Amino acid sequence: MKMMSPSIDTPSYYDSYPPLLRPNNNPIHDLNQDLDNPIPNPNPDPIPVIDFQNIDNDAISEACRNWGVFRLVNHGIPDALLNQLRGRAEEAFSLPFDSKHALKSCTAMAYFWGTPALTPTGETVERGPTPPADVKWLEGFNVLLNQLSQQLQVEDPVLDNFRLVLDEYGRHQSRLATTIFKAMAENLNLDQNLYESYLSPSTASMRIYRYLKCPLPVWGLNAHTDSTVLTVLTHDEVGGFQVCKGDDEWIDVEPIPNTLVLILGDLIQAMSDDKYKSVKHRVKANKYKERISVGYFVFSAIDAVIQSSKYKPFTYADFRAGVQQDLKTIGYKKVGLGHFKLTHASH
Ligand SMILES: O=C(O)CCC(=O)C(=O)O
Ligand SMILES: [Fe+2]
């Protein structure tokens, strides 16, 4: 799709960047990280593939146990909608920084930049006096799906078109997550009564990120696990997304058009008594290209009590409070499930 935004060669191009992240205006960055030692990218990569039109519970089970991540094909989201999503996201990010920043406190679609550490309503979590080295070369919108049907506080046709396409895309994501979770719940023999509250698409959120061109070899997003039941990602062709296999084998996930990447989060790890893995993942920054990704994050109902032989019973509200506290104190290297781990877990 053609963009109305200034071309990359014009000086005004960087008006869409947060001022601190514009060229020649960059904070000091942490250079002590080694970005150059992932496993060389085999082609195709070894990430398991699940066909949504022909769901194979055994294949899902194996992917969940051994990987914590799989690629979803034949998911039924029209290519046209995925292309539209991409086009609308590019248009929204190309707006001048001030137009995006006007949405800073808009809960339905909150703009953020410089950090992925947010409250559930999309406000930036402040971490003491944030050292400049913590600034991440990214910006994004945090979207609460159940609020997207209403007009945004800020009237802007570009943002409104973006909202509409996100709403439609979000409905597809709820459909996919519900079906996939059902297969997982069957595999795990989860109690039918519990299982209803274990996945709550009505409280799902989305994040649309633009990773900005970053002049230094840093991580676009540090290694972390998601605080979700499931996360569904769609990636553009730029690449840079990596998952961890085993303890320390980082694998580049190839961006394959019109496929989705599904990640297991901390909550399903607990529900599965640690049989399924909440997979560590991270994003490499790119010096030459911006990268856009869209993530759908689905959690348990806020008062759902998660039962596990490996953890004390906890509600999702408890878990979320723990994660928010972790973000304030230690950042993305959260304690997460560790807050509830039983030291002498029963078998
Ligand atoms: O941008 C991506 O591909 C990953 C985003 C992510 O891991 C997250 O928001 O938790
Ligand atoms: Fe993540």
# chains A, B, ... in the order shown; residues from 1 in each chain; ligands from 1

$ closest_atom_pairs --of "chain A" --to "ligand 2" --cutoff "12 Å" --atoms "only C-alpha atoms and all ligand atoms" --output "Markdown table"
| residue | atom | partner | partner_atom_place_in_ligand_line | distance |
| --- | --- | --- | --- | --- |
| A:Val69 | CA | ligand 2 | 1 (Fe) | 11.4 |
| A:Pro116 | CA | ligand 2 | 1 (Fe) | 9.4 |
| A:Ala117 | CA | ligand 2 | 1 (Fe) | 10.9 |
| A:Met206 | CA | ligand 2 | 1 (Fe) | 11.4 |
| A:Arg207 | CA | ligand 2 | 1 (Fe) | 10.1 |
| A:Ile208 | CA | ligand 2 | 1 (Fe) | 11.9 |
| A:Tyr209 | CA | ligand 2 | 1 (Fe) | 11.4 |
| A:Gly220 | CA | ligand 2 | 1 (Fe) | 11.5 |
| A:Leu221 | CA | ligand 2 | 1 (Fe) | 8.3 |
| A:Asn222 | CA | ligand 2 | 1 (Fe) | 9.0 |
| A:Ala223 | CA | ligand 2 | 1 (Fe) | 8.2 |
| A:His224 | CA | ligand 2 | 1 (Fe) | 6.3 |
| A:Thr225 | CA | ligand 2 | 1 (Fe) | 5.9 |
| A:Asp226 | CA | ligand 2 | 1 (Fe) | 4.8 |
| A:Ser227 | CA | ligand 2 | 1 (Fe) | 8.3 |
| A:Thr228 | CA | ligand 2 | 1 (Fe) | 9.1 |
| A:Val229 | CA | ligand 2 | 1 (Fe) | 11.7 |
| A:Leu230 | CA | ligand 2 | 1 (Fe) | 10.1 |
| A:Thr231 | CA | ligand 2 | 1 (Fe) | 7.6 |
| A:Val232 | CA | ligand 2 | 1 (Fe) | 9.6 |
| A:Leu233 | CA | ligand 2 | 1 (Fe) | 9.0 |
| A:Phe241 | CA | ligand 2 | 1 (Fe) | 9.9 |
| A:Gln242 | CA | ligand 2 | 1 (Fe) | 10.4 |
| A:Val243 | CA | ligand 2 | 1 (Fe) | 9.9 |
| A:Val261 | CA | ligand 2 | 1 (Fe) | 11.2 |
| A:Leu262 | CA | ligand 2 | 1 (Fe) | 10.5 |
| A:Ile263 | CA | ligand 2 | 1 (Fe) | 8.2 |
| A:Leu264 | CA | ligand 2 | 1 (Fe) | 9.7 |
| A:Gly265 | CA | ligand 2 | 1 (Fe) | 8.5 |
| A:Asp266 | CA | ligand 2 | 1 (Fe) | 10.8 |
| A:Ser278 | CA | ligand 2 | 1 (Fe) | 10.0 |
| A:Val279 | CA | ligand 2 | 1 (Fe) | 9.0 |
| A:Lys280 | CA | ligand 2 | 1 (Fe) | 7.9 |
| A:His281 | CA | ligand 2 | 1 (Fe) | 6.3 |
| A:Arg282 | CA | ligand 2 | 1 (Fe) | 7.1 |
| A:Val283 | CA | ligand 2 | 1 (Fe) | 8.9 |
| A:Ser293 | CA | ligand 2 | 1 (Fe) | 11.0 |
| A:Val294 | CA | ligand 2 | 1 (Fe) | 10.8 |
| A:Gly295 | CA | ligand 2 | 1 (Fe) | 8.2 |
| A:Tyr296 | CA | ligand 2 | 1 (Fe) | 10.0 |
| A:Phe297 | CA | ligand 2 | 1 (Fe) | 9.0 |
| A:Val298 | CA | ligand 2 | 1 (Fe) | 12.0 |
| A:Tyr332 | CA | ligand 2 | 1 (Fe) | 9.9 |
| A:Lys333 | CA | ligand 2 | 1 (Fe) | 11.9 |

$ select_by_dssp --residues "range 15-219 of chain A" --states "strand (DSSP E or B)" --output "PyMOL selection string"
chain A and resi 39+49-51+69-73+109-113+118+124+138-144+205-211+219

$ residues_around --residues "Ala317 in chain A" --least-positions-apart "2" --cutoff "9 Å" --atoms "only C-alpha atoms" --output "number ranges by chain"
A: 301-304, 314-315, 319-322

$ write_last_selection --atoms "all heavy atoms" --output "PDB file, in the first residue's frame"
ATOM      1  N   ALA A 301      -8.960 -14.844  33.116  1.00  0.00           N
ATOM      2  CA  ALA A 301      -9.870 -13.888  33.761  1.00  0.00           C
ATOM      3  C   ALA A 301      -9.189 -13.383  35.036  1.00  0.00           C
ATOM      4  O   ALA A 301      -8.440 -14.122  35.677  1.00  0.00           O
ATOM      5  CB  ALA A 301     -11.189 -14.564  34.083  1.00  0.00           C
ATOM      6  N   ILE A 302      -9.440 -12.141  35.373  1.00  0.00           N
ATOM      7  CA  ILE A 302      -8.685 -11.489  36.440  1.00  0.00           C
ATOM      8  C   ILE A 302      -8.795 -12.237  37.781  1.00  0.00           C
ATOM      9  O   ILE A 302      -7.848 -12.320  38.533  1.00  0.00           O
ATOM     10  CB  ILE A 302      -9.101  -9.991  36.577  1.00  0.00           C
ATOM     11  CG1 ILE A 302      -8.132  -9.196  37.430  1.00  0.00           C
ATOM     12  CG2 ILE A 302     -10.521  -9.807  37.050  1.00  0.00           C
ATOM     13  CD1 ILE A 302      -6.885  -8.780  36.728  1.00  0.00           C
ATOM     14  N   ASP A 303      -9.974 -12.849  38.045  1.00  0.00           N
ATOM     15  CA  ASP A 303     -10.148 -13.549  39.327  1.00  0.00           C
ATOM     16  C   ASP A 303      -9.980 -15.064  39.176  1.00  0.00           C
ATOM     17  O   ASP A 303     -10.282 -15.821  40.096  1.00  0.00           O
ATOM     18  CB  ASP A 303     -11.512 -13.208  39.928  1.00  0.00           C
ATOM     19  CG  ASP A 303     -12.638 -13.528  38.946  1.00  0.00           C
ATOM     20  OD1 ASP A 303     -12.332 -13.924  37.800  1.00  0.00           O
ATOM     21  OD2 ASP A 303     -13.816 -13.388  39.322  1.00  0.00           O
ATOM     22  N   ALA A 304      -9.511 -15.515  38.020  1.00  0.00           N
ATOM     23  CA  ALA A 304      -9.317 -16.962  37.828  1.00  0.00           C
ATOM     24  C   ALA A 304      -8.223 -17.460  38.771  1.00  0.00           C
ATOM     25  O   ALA A 304      -7.152 -16.862  38.848  1.00  0.00           O
ATOM     26  CB  ALA A 304      -8.910 -17.242  36.386  1.00  0.00           C
ATOM     27  N   PHE A 314      -2.797 -19.261  42.599  1.00  0.00           N
ATOM     28  CA  PHE A 314      -2.754 -17.793  42.527  1.00  0.00           C
ATOM     29  C   PHE A 314      -3.788 -17.315  41.524  1.00  0.00           C
ATOM     30  O   PHE A 314      -4.126 -18.050  40.584  1.00  0.00           O
ATOM     31  CB  PHE A 314      -1.346 -17.302  42.159  1.00  0.00           C
ATOM     32  CG  PHE A 314      -0.849 -17.762  40.814  1.00  0.00           C
ATOM     33  CD1 PHE A 314      -1.102 -17.022  39.666  1.00  0.00           C
ATOM     34  CD2 PHE A 314      -0.107 -18.929  40.682  1.00  0.00           C
ATOM     35  CE1 PHE A 314      -0.643 -17.439  38.418  1.00  0.00           C
ATOM     36  CE2 PHE A 314       0.355 -19.368  39.434  1.00  0.00           C
ATOM     37  CZ  PHE A 314       0.086 -18.610  38.306  1.00  0.00           C
ATOM     38  N   THR A 315      -4.293 -16.114  41.755  1.00  0.00           N
ATOM     39  CA  THR A 315      -5.221 -15.552  40.764  1.00  0.00           C
ATOM     40  C   THR A 315      -4.385 -14.800  39.729  1.00  0.00           C
ATOM     41  O   THR A 315      -3.237 -14.397  39.992  1.00  0.00           O
ATOM     42  CB  THR A 315      -6.211 -14.556  41.389  1.00  0.00           C
ATOM     43  OG1 THR A 315      -5.468 -13.450  41.886  1.00  0.00           O
ATOM     44  CG2 THR A 315      -7.051 -15.195  42.483  1.00  0.00           C
ATOM     45  N   PHE A 319      -0.858 -12.507  40.010  1.00  0.00           N
ATOM     46  CA  PHE A 319       0.285 -12.642  39.102  1.00  0.00           C
ATOM     47  C   PHE A 319       0.625 -11.287  38.479  1.00  0.00           C
ATOM     48  O   PHE A 319       1.782 -10.872  38.432  1.00  0.00           O
ATOM     49  CB  PHE A 319      -0.043 -13.666  38.008  1.00  0.00           C
ATOM     50  CG  PHE A 319       1.114 -13.930  37.091  1.00  0.00           C
ATOM     51  CD1 PHE A 319       2.158 -14.747  37.489  1.00  0.00           C
ATOM     52  CD2 PHE A 319       1.180 -13.325  35.841  1.00  0.00           C
ATOM     53  CE1 PHE A 319       3.241 -14.975  36.649  1.00  0.00           C
ATOM     54  CE2 PHE A 319       2.249 -13.542  35.004  1.00  0.00           C
ATOM     55  CZ  PHE A 319       3.281 -14.377  35.414  1.00  0.00           C
ATOM     56  N   ARG A 320      -0.430 -10.595  38.036  1.00  0.00           N
ATOM     57  CA  ARG A 320      -0.214  -9.313  37.368  1.00  0.00           C
ATOM     58  C   ARG A 320       0.390  -8.289  38.335  1.00  0.00           C
ATOM     59  O   ARG A 320       1.276  -7.525  37.954  1.00  0.00           O
ATOM     60  CB  ARG A 320      -1.568  -8.827  36.845  1.00  0.00           C
ATOM     61  CG  ARG A 320      -1.445  -7.741  35.846  1.00  0.00           C
ATOM     62  CD  ARG A 320      -2.750  -7.575  35.098  1.00  0.00           C
ATOM     63  NE  ARG A 320      -3.635  -6.666  35.807  1.00  0.00           N
ATOM     64  CZ  ARG A 320      -4.775  -6.200  35.274  1.00  0.00           C
ATOM     65  NH1 ARG A 320      -5.160  -6.574  34.082  1.00  0.00           N
ATOM     66  NH2 ARG A 320      -5.523  -5.374  35.958  1.00  0.00           N
ATOM     67  N   ALA A 321      -0.081  -8.324  39.585  1.00  0.00           N
ATOM     68  CA  ALA A 321       0.479  -7.385  40.573  1.00  0.00           C
ATOM     69  C   ALA A 321       1.976  -7.667  40.770  1.00  0.00           C
ATOM     70  O   ALA A 321       2.796  -6.744  40.867  1.00  0.00           O
ATOM     71  CB  ALA A 321      -0.271  -7.505  41.898  1.00  0.00           C
ATOM     72  N   GLY A 322       2.327  -8.962  40.814  1.00  0.00           N
ATOM     73  CA  GLY A 322       3.738  -9.336  40.974  1.00  0.00           C
ATOM     74  C   GLY A 322       4.580  -8.836  39.803  1.00  0.00           C
ATOM     75  O   GLY A 322       5.674  -8.286  39.996  1.00  0.00           O
TER      76      GLY A 322
END

$ residues_around --residues "Lys182 in chain A" --least-positions-apart "4" --cutoff "12 Å" --atoms "only C-alpha atoms" --output "number ranges by chain"
A: 55, 57, 60-61, 175-178, 186-192, 195-196, 198-199, 230

$ closest_residue --among "A:Pro215, A:Gly76, A:Gly239, A:Pro23" --to "ligand 1" --atoms "only C-alpha atoms and all ligand atoms"
A:Gly239

$ residues_around --residues "Gln153 in chain A" --least-positions-apart "6" --cutoff "12 Å" --atoms "only C-alpha atoms" --output "list of chain:residue names"
A:Ala102, A:Leu103, A:Lys104, A:Ser105, A:Cys106, A:Thr107, A:Ala108, A:Met109, A:Ala110, A:Gln147, A:Leu159, A:Asp160, A:Arg163

$ write_last_selection --atoms "all heavy atoms" --output "CSV table (one decimal), in the first residue's frame"
chain,number,residue,atom,x,y,z
A,102,ALA,N,-0.2,12.4,21.6
A,102,ALA,CA,-1.5,12.9,22.1
A,102,ALA,C,-2.3,11.7,22.6
A,102,ALA,O,-3.3,11.9,23.4
A,102,ALA,CB,-2.3,13.6,21.0
A,103,LEU,N,-1.9,10.5,22.2
A,103,LEU,CA,-2.7,9.3,22.7
A,103,LEU,C,-2.0,8.6,23.9
A,103,LEU,O,-2.4,7.5,24.3
A,103,LEU,CB,-2.7,8.2,21.6
A,103,LEU,CG,-3.6,8.5,20.4
A,103,LEU,CD1,-3.6,7.3,19.4
A,103,LEU,CD2,-5.1,8.7,20.8
A,104,LYS,N,-1.1,9.3,24.5
A,104,LYS,CA,-0.3,8.8,25.6
A,104,LYS,C,-1.2,8.2,26.8
A,104,LYS,O,-1.0,7.2,27.3
A,104,LYS,CB,0.6,9.9,26.2
A,104,LYS,CG,1.6,9.4,27.2
A,104,LYS,CD,2.4,10.6,27.6
A,104,LYS,CE,3.4,10.3,28.7
A,104,LYS,NZ,2.9,9.7,29.9
A,105,SER,N,-2.3,8.9,27.0
A,105,SER,CA,-3.2,8.4,28.1
A,105,SER,C,-4.5,7.9,27.6
A,105,SER,O,-5.5,7.8,28.4
A,105,SER,CB,-3.5,9.6,29.1
A,105,SER,OG,-2.3,10.1,29.5
A,106,CYS,N,-4.6,7.5,26.4
A,106,CYS,CA,-5.8,7.0,25.8
A,106,CYS,C,-5.8,5.4,26.1
A,106,CYS,O,-5.0,4.7,25.4
A,106,CYS,CB,-5.8,7.3,24.3
A,106,CYS,SG,-7.1,6.3,23.4
A,107,THR,N,-6.6,5.0,27.0
A,107,THR,CA,-6.5,3.6,27.4
A,107,THR,C,-6.8,2.6,26.2
A,107,THR,O,-6.2,1.6,26.1
A,107,THR,CB,-7.5,3.3,28.5
A,107,THR,OG1,-7.3,4.3,29.5
A,107,THR,CG2,-7.4,2.0,29.2
A,108,ALA,N,-7.8,3.0,25.4
A,108,ALA,CA,-8.1,2.1,24.3
A,108,ALA,C,-6.9,1.8,23.4
A,108,ALA,O,-6.7,0.7,22.9
A,108,ALA,CB,-9.3,2.7,23.5
A,109,MET,N,-6.1,2.9,23.2
A,109,MET,CA,-4.9,2.7,22.2
A,109,MET,C,-3.8,3.7,22.7
A,109,MET,O,-3.7,4.8,22.2
A,109,MET,CB,-5.4,3.1,20.8
A,109,MET,CG,-4.6,2.6,19.7
A,109,MET,SD,-5.5,2.7,18.2
A,109,MET,CE,-4.6,3.9,17.3
A,110,ALA,N,-3.1,3.3,23.7
A,110,ALA,CA,-2.1,4.2,24.3
A,110,ALA,C,-0.8,4.1,23.6
A,110,ALA,O,-0.2,3.1,23.4
A,110,ALA,CB,-1.9,3.7,25.8
A,147,GLN,N,-12.1,-2.2,24.2
A,147,GLN,CA,-12.5,-0.7,24.2
A,147,GLN,C,-12.4,-0.1,22.8
A,147,GLN,O,-12.6,1.0,22.6
A,147,GLN,CB,-11.6,0.1,25.1
A,147,GLN,CG,-11.8,-0.4,26.5
A,147,GLN,CD,-11.1,0.5,27.5
A,147,GLN,OE1,-10.9,1.7,27.2
A,147,GLN,NE2,-10.9,0.1,28.7
A,159,LEU,N,-5.6,7.5,12.6
A,159,LEU,CA,-5.7,6.7,13.8
A,159,LEU,C,-7.0,6.0,13.8
A,159,LEU,O,-7.1,4.8,14.3
A,159,LEU,CB,-5.5,7.6,15.0
A,159,LEU,CG,-4.1,8.2,15.2
A,159,LEU,CD1,-4.1,9.2,16.3
A,159,LEU,CD2,-3.1,7.1,15.4
A,160,ASP,N,-8.0,6.6,13.3
A,160,ASP,CA,-9.3,5.9,13.3
A,160,ASP,C,-9.3,4.7,12.4
A,160,ASP,O,-9.9,3.7,12.7
A,160,ASP,CB,-10.4,6.9,13.0
A,160,ASP,CG,-11.7,6.5,13.7
A,160,ASP,OD1,-11.6,6.2,14.9
A,160,ASP,OD2,-12.7,6.5,13.1
A,163,ARG,N,-7.5,2.0,14.1
A,163,ARG,CA,-8.4,1.4,15.2
A,163,ARG,C,-9.3,0.4,14.6
A,163,ARG,O,-9.5,-0.7,15.1
A,163,ARG,CB,-9.2,2.5,15.8
A,163,ARG,CG,-10.3,2.1,16.8
A,163,ARG,CD,-11.0,3.2,17.4
A,163,ARG,NE,-12.0,3.8,16.5
A,163,ARG,CZ,-13.2,3.4,16.2
A,163,ARG,NH1,-13.7,2.3,16.8
A,163,ARG,NH2,-14.0,4.0,15.4

$ closest_residue --among "A:Leu327, A:Ile180, A:Leu342, A:Ile251" --to "Thr124 in chain A" --atoms "only C-alpha atoms"
A:Leu327

$ select_by_dssp --residues "range 82-212 of chain A" --states "helix (DSSP H, G or I)" --output "number ranges by chain"
A: 82-93, 97-101, 132-134, 145-147, 157-188, 192-198, 201-203

$ closest_residue --among "A:Val154, A:Cys64, A:Leu260, A:Ile50" --to "ligand 1" --atoms "only C-alpha atoms and all ligand atoms"
A:Leu260

$ residues_around --residues "Asn258 in chain A" --least-positions-apart "3" --cutoff "10 Å" --atoms "only C-alpha atoms" --output "PyMOL selection string"
chain A and resi 72-80+82-83+234-236+255

$ closest_residue --among "A:Gly87, A:Pro217, A:Pro257, A:Gly140" --to "ligand 1" --atoms "only C-alpha atoms and all ligand atoms"
A:Gly140

$ closest_residue --among "A:Phe141, A:Gly246, A:Tyr276, A:Ser309" --to "ligand 1" --atoms "only C-alpha atoms and all ligand atoms"
A:Phe141

$ residues_around --residues "Glu290 in chain A" --least-positions-apart "5" --cutoff "10 Å" --atoms "only C-alpha atoms" --output "PyMOL selection string"
chain A and resi 137-138+209-214+236+238+285

$ write_last_selection --atoms "N, CA and C atoms" --output "compact mmCIF listing (two decimals), in the first residue's frame"
# COMPACT_ATOMS: atom_id res chain seq x y z
N TRP A 137 14.92 1.38 21.55
CA TRP A 137 14.69 2.08 20.29
C TRP A 137 13.36 1.60 19.68
N LEU A 138 12.30 1.90 20.38
CA LEU A 138 11.00 1.44 19.89
C LEU A 138 9.91 2.42 20.30
N TYR A 209 4.24 -2.55 17.56
CA TYR A 209 5.54 -1.93 17.79
C TYR A 209 6.14 -1.44 16.47
N ARG A 210 6.83 -0.33 16.56
CA ARG A 210 7.78 -0.01 15.49
C ARG A 210 9.15 0.08 16.16
N TYR A 211 10.03 -0.83 15.76
CA TYR A 211 11.42 -0.78 16.21
C TYR A 211 12.13 0.18 15.28
N LEU A 212 12.69 1.21 15.85
CA LEU A 212 13.27 2.28 15.02
C LEU A 212 14.68 1.90 14.60
N LYS A 213 15.15 2.56 13.57
CA LYS A 213 16.52 2.29 13.15
C LYS A 213 17.44 2.68 14.30
N CYS A 214 18.22 1.73 14.71
CA CYS A 214 19.00 1.93 15.93
C CYS A 214 20.49 1.90 15.58
N ASP A 236 6.77 -8.38 10.23
CA ASP A 236 7.06 -7.98 8.85
C ASP A 236 8.31 -8.74 8.38
N VAL A 238 11.38 -7.91 8.05
CA VAL A 238 12.71 -7.45 8.47
C VAL A 238 13.46 -8.49 9.30
N ALA A 285 17.90 -5.39 17.45
CA ALA A 285 17.72 -4.07 16.83
C ALA A 285 18.33 -4.09 15.43

$ closest_residue --among "A:Ser174, A:Ser16, A:Asn142, A:Asn161" --to "ligand 1" --atoms "only C-alpha atoms and all ligand atoms"
A:Asn142

$ decode --residues "range 53-72 of chain A" --atoms "N, CA and C atoms" --output "short mmCIF file (atom, residue, chain, number, x, y, z; two decimals), in the first residue's frame"
data_model
loop_
_atom_site.label_atom_id
_atom_site.label_comp_id
_atom_site.auth_asym_id
_atom_site.auth_seq_id
_atom_site.Cartn_x
_atom_site.Cartn_y
_atom_site.Cartn_z
N GLN A 53 -6.14 -25.43 9.90
CA GLN A 53 -7.29 -26.10 9.25
C GLN A 53 -7.34 -27.59 9.55
N ASN A 54 -6.28 -28.07 10.15
CA ASN A 54 -6.19 -29.51 10.35
C ASN A 54 -5.43 -29.74 11.66
N ILE A 55 -6.11 -29.36 12.74
CA ILE A 55 -5.38 -29.30 14.02
C ILE A 55 -5.01 -30.70 14.52
N ASP A 56 -3.74 -30.83 14.79
CA ASP A 56 -3.21 -32.11 15.23
C ASP A 56 -2.77 -31.93 16.69
N ASN A 57 -3.60 -32.47 17.61
CA ASN A 57 -3.32 -32.27 19.03
C ASN A 57 -1.94 -32.78 19.44
N ASP A 58 -1.52 -33.88 18.83
CA ASP A 58 -0.21 -34.42 19.21
C ASP A 58 0.92 -33.48 18.79
N ALA A 59 0.75 -32.90 17.59
CA ALA A 59 1.79 -31.98 17.12
C ALA A 59 1.82 -30.73 18.03
N ILE A 60 0.65 -30.28 18.46
CA ILE A 60 0.61 -29.12 19.36
C ILE A 60 1.29 -29.48 20.68
N SER A 61 0.96 -30.67 21.18
CA SER A 61 1.54 -31.09 22.46
C SER A 61 3.07 -31.11 22.38
N GLU A 62 3.56 -31.68 21.30
CA GLU A 62 5.02 -31.77 21.16
C GLU A 62 5.66 -30.37 21.06
N ALA A 63 5.02 -29.49 20.29
CA ALA A 63 5.57 -28.13 20.16
C ALA A 63 5.55 -27.41 21.51
N CYS A 64 4.50 -27.62 22.28
CA CYS A 64 4.38 -26.94 23.58
C CYS A 64 5.43 -27.46 24.57
N ARG A 65 5.65 -28.77 24.53
CA ARG A 65 6.60 -29.36 25.49
C ARG A 65 8.05 -29.05 25.12
N ASN A 66 8.34 -29.13 23.84
CA ASN A 66 9.76 -29.02 23.43
C ASN A 66 10.19 -27.62 23.04
N TRP A 67 9.23 -26.79 22.68
CA TRP A 67 9.60 -25.48 22.14
C TRP A 67 8.98 -24.30 22.88
N GLY A 68 7.67 -24.39 23.14
CA GLY A 68 6.96 -23.22 23.69
C GLY A 68 6.64 -22.19 22.61
N VAL A 69 6.84 -22.57 21.38
CA VAL A 69 6.56 -21.65 20.27
C VAL A 69 6.26 -22.49 19.04
N PHE A 70 5.32 -22.03 18.21
CA PHE A 70 5.13 -22.66 16.91
C PHE A 70 4.59 -21.65 15.92
N ARG A 71 4.71 -22.04 14.67
CA ARG A 71 4.21 -21.18 13.60
C ARG A 71 2.83 -21.69 13.21
N LEU A 72 1.91 -20.76 12.98
CA LEU A 72 0.54 -21.14 12.64
C LEU A 72 0.29 -20.80 11.17
#
